[in-house]
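Visitor: First, the structure itself, so that you have it in front of you.
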Amino acid sequence: MTETTQQDRVLIFDTTLRDGEQSPGATMTHDEKLEIAELLDEMGVDIIEAGFPIASEGDFEAVRDIANRSKNAVICGLARSSFKDIDRAGEALKGARRARIHTFISTSPLHMKYKLQMEPEAVLEAIEKSVSRARNYTDDVQWSPEDGTRTEHDFLCRAVETAIKAGATTINIPDTVGYTAPRESANIIAMLRERVPGIEDVVISTHCHNDLGMAVANALAAVEAGARQVECTINGLGERAGNAALEEVVMALRVRNDIMPYQTGIDTTKIMRASRLVSKATGFPVQYNKAVVGKNAFAHESGIHQDGMLKHAGTYEIMRPEDIGLTETNLVLGKHSGRAALRAKLRDLGYDLADNQLADVFVRFKELADRKKEVFDEDLIALMGDGTTESDRIRVKFLRVICGTEAPQSADLTLTVDGVDNQVTATGDGPVDATFNAIKALFPHNARLQLYQVHAVTEGTDAQATVSVRLEEGGKIVTGTSSDTDTVVASAKAYVNALNNLLVRREKTRPESI
Ligand code: KIV
Ligand code: ZN
């Protein structure tokens with residue numbers, strides 16, 4: 001293999017914990033954020049955007065603790081242009097081996113006029129001041145023109161030049177609303193490289209949203225035009241339609257290295273584990289046909305494809321499952337499987353558990369194996385994704401439903417709320433409706449059910465059902481997930497999991513939208 005030079009090295013900037021977490025409903029707990037950051041660091045992510053420290057106490061603590069534990073990655077905190085934001089980011093990043101402050105302000109005519117209500121000259125002044133302020137904390141300062149792709153080119157050049165002169169070392173061009181297209185994305189980078197004095201001394205970065213499904217294509221086009229940092233998220237998580245997906249950018253650069261001769265530092269065999277971890281933490285299932293990490297990404301169903309695959313895998317497979325850490329193991333667990341087999345299996349699936357965590361999962365595994373003859377990989381992944389935690393304030397203690405052709409269906413439910421058991425019987429239009437009515441009776445709330453989704457984890461009538469519930473309260477959105485061989489039990493637990501997340505969320509506040 002030829003040696004990587006500065007020219008062909010593309011830095012991977014992961015913003016799962018910042019832009020990804022801004023995705024409605026994708027709340028992660030503190031511990032989940034630490035676990036994700038640790039894995040991102042281990043897999044070779046160059047820069048981890050760990051949060052937006054001014055946004056809430058929780059964000060500050062996450063950035064601080066991730067910074068304190070970082071090993072190789074640069075840890076980055078986001079800040080608007082105000083000194084308060086920048087000082088807070090600087091404070092949170094104090095313990096990082098390598099710290100970056102990422103500061104931004106809008107530069108498009110629309111954003112400057114309506115969102116900021118600032119004149120262009122005042123925006124330039126804010127850029128100068130904010131970047132200089134950030135440089136007091138670290139030599140590594142990234143600046144972004146929000147809504148960059150809809151910014152007039154002359155003004156974009158002036159803004160970027162101002163940021164560079166003030167000391168920015170990375171210039172990131174966000175396609176904030178997912179509006180650009182590949183050729184335009186490349187042209188903007190080329191235009192900046194041609195027109196902005198000093199641009200050759202900084203790293204140019206691209207940050208693409210997926211509103212029109214072009215985020216990855218736009219990011220790669222920017223790389224071909226000279227960007228050397230790609231901002232992305234695991235599973236493409238992010239506001240609205242999400243951000244460019246890390247796994248797609250990295251695998252595209254690897255698989256098509258013949259036409260895109262750029263290298264990343266990512267250990268791709270950790271991709272699947274990262275995908276599962278983020279899906280579990282956020283409760284956002286990965287769509288079956290999602291590129292690279294979807295359940296069907298390596299499944300060859302049609303006869304013609306299967307025949308070709310048997311003759312030579314290359315006929316229909318452009319990457320190997322093991323390249324992304326999908327190992328083919330035939331070991332199916334059952335009720336006689338022991339702790340060691342479970343630990344080995346979970347390790348294969350990317351879950352490295354401490355002894356106390358294993359003990360907890362083992363109990364739940366045994367309960368499942370008692371009800372289900374064979375426990376498949378998907379069952380274990382669902383078990384690991386069960387949103388229940390030790391610190392939950394609300395728990396389902398007992399549930400019995402009566403359902404069938406005779407209405408009304410009813411649910412007899414006992415919930416433990418803050419350690420106290422409460423019981424009720426409620427009716428509804430079907431067993432799930434009756435159960436949800438019972439939950440509302442025992443834990444009154446105004447959250448609105450936005451989504452209720454069930455899918456079978458494996459085939460067969462004894463398959464587990466994974467249920468996702470999304471609740472909305474005063475603009476705040478949370479999700480809950482749970483799996484069980486009994487769909488109504490999974491539904492009750494998913495609803496309760498969402499309520500527990502809502503209680504956590506109530507304590508968090510964010511500044512106005514960014
Ligand atoms: O999409 C966007 O504009 C952002 C900035 C904060 C970089 O996320
Ligand atoms: Zn963004």
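Chains: A, B, ... in order of the structure tokens. Residues: from 1 per chain. Ligands: from 1, in order shown.
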10 Å from ligand 2 is the threshold here; counting only C-alpha atoms and all ligand atoms, which polymer residues fall inside it? Answer as a list in words.
Guide: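 If we count only C-alpha atoms and all ligand atoms, the neighbours of ligand 2 turn out to be Thr15, Arg18, Asp19, Gly20, Gln22, Glu146, Asp147, Pro174, Asp175, Thr176, Val177, Gly178, His207, Cys208, His209, Asn210, Glu231, Cys232, Gly238, Glu239, Arg240, Gly242, Asn243, Ala244 and Ile514 of chain A.
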Visitor: Got a sec: who's within 8 Å of Lys270 in chain A, counting only C-alpha atoms, leaving out chain neighbours fewer than 4 positions off, as a PyMOL selection string?
Guide: chain A and resi 43+274+324-325+350
Visitor: Write out as a count of residues only all residues of range 131-233 of chain A that backbone DSSP assigns to strand (DSSP E or B).
Guide: 24
Visitor: Nearest to Val202 in chain A: which of A:Leu124, A:Ala227, A:Ile171, A:Ala55 is it, counting only C-alpha atoms?
Guide: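 Among the listed residues, the smallest separation from Val202 in chain A belongs to A:Ile171.
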Visitor: To one decimal place, how far is CA of Pro321 in chain A from CA of Ala219 in chain A in Å?
Guide: 24.2 Å
Visitor: Could you pull out the residues in range 81-238 of chain A that DSSP calls alpha helix (DSSP H) from the backbone, as a PyMOL selection string?
Guide: chain A and resi 83-92+109-110+120-135+153-166+182-195+215-224
Visitor: Using only C-alpha atoms, which residue out of A:Ala163, A:Ala463, A:Ile54, A:Leu212 lies closest to Glu125 in chain A?
Guide: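 The closest residue to Glu125 in chain A is A:Ala163.
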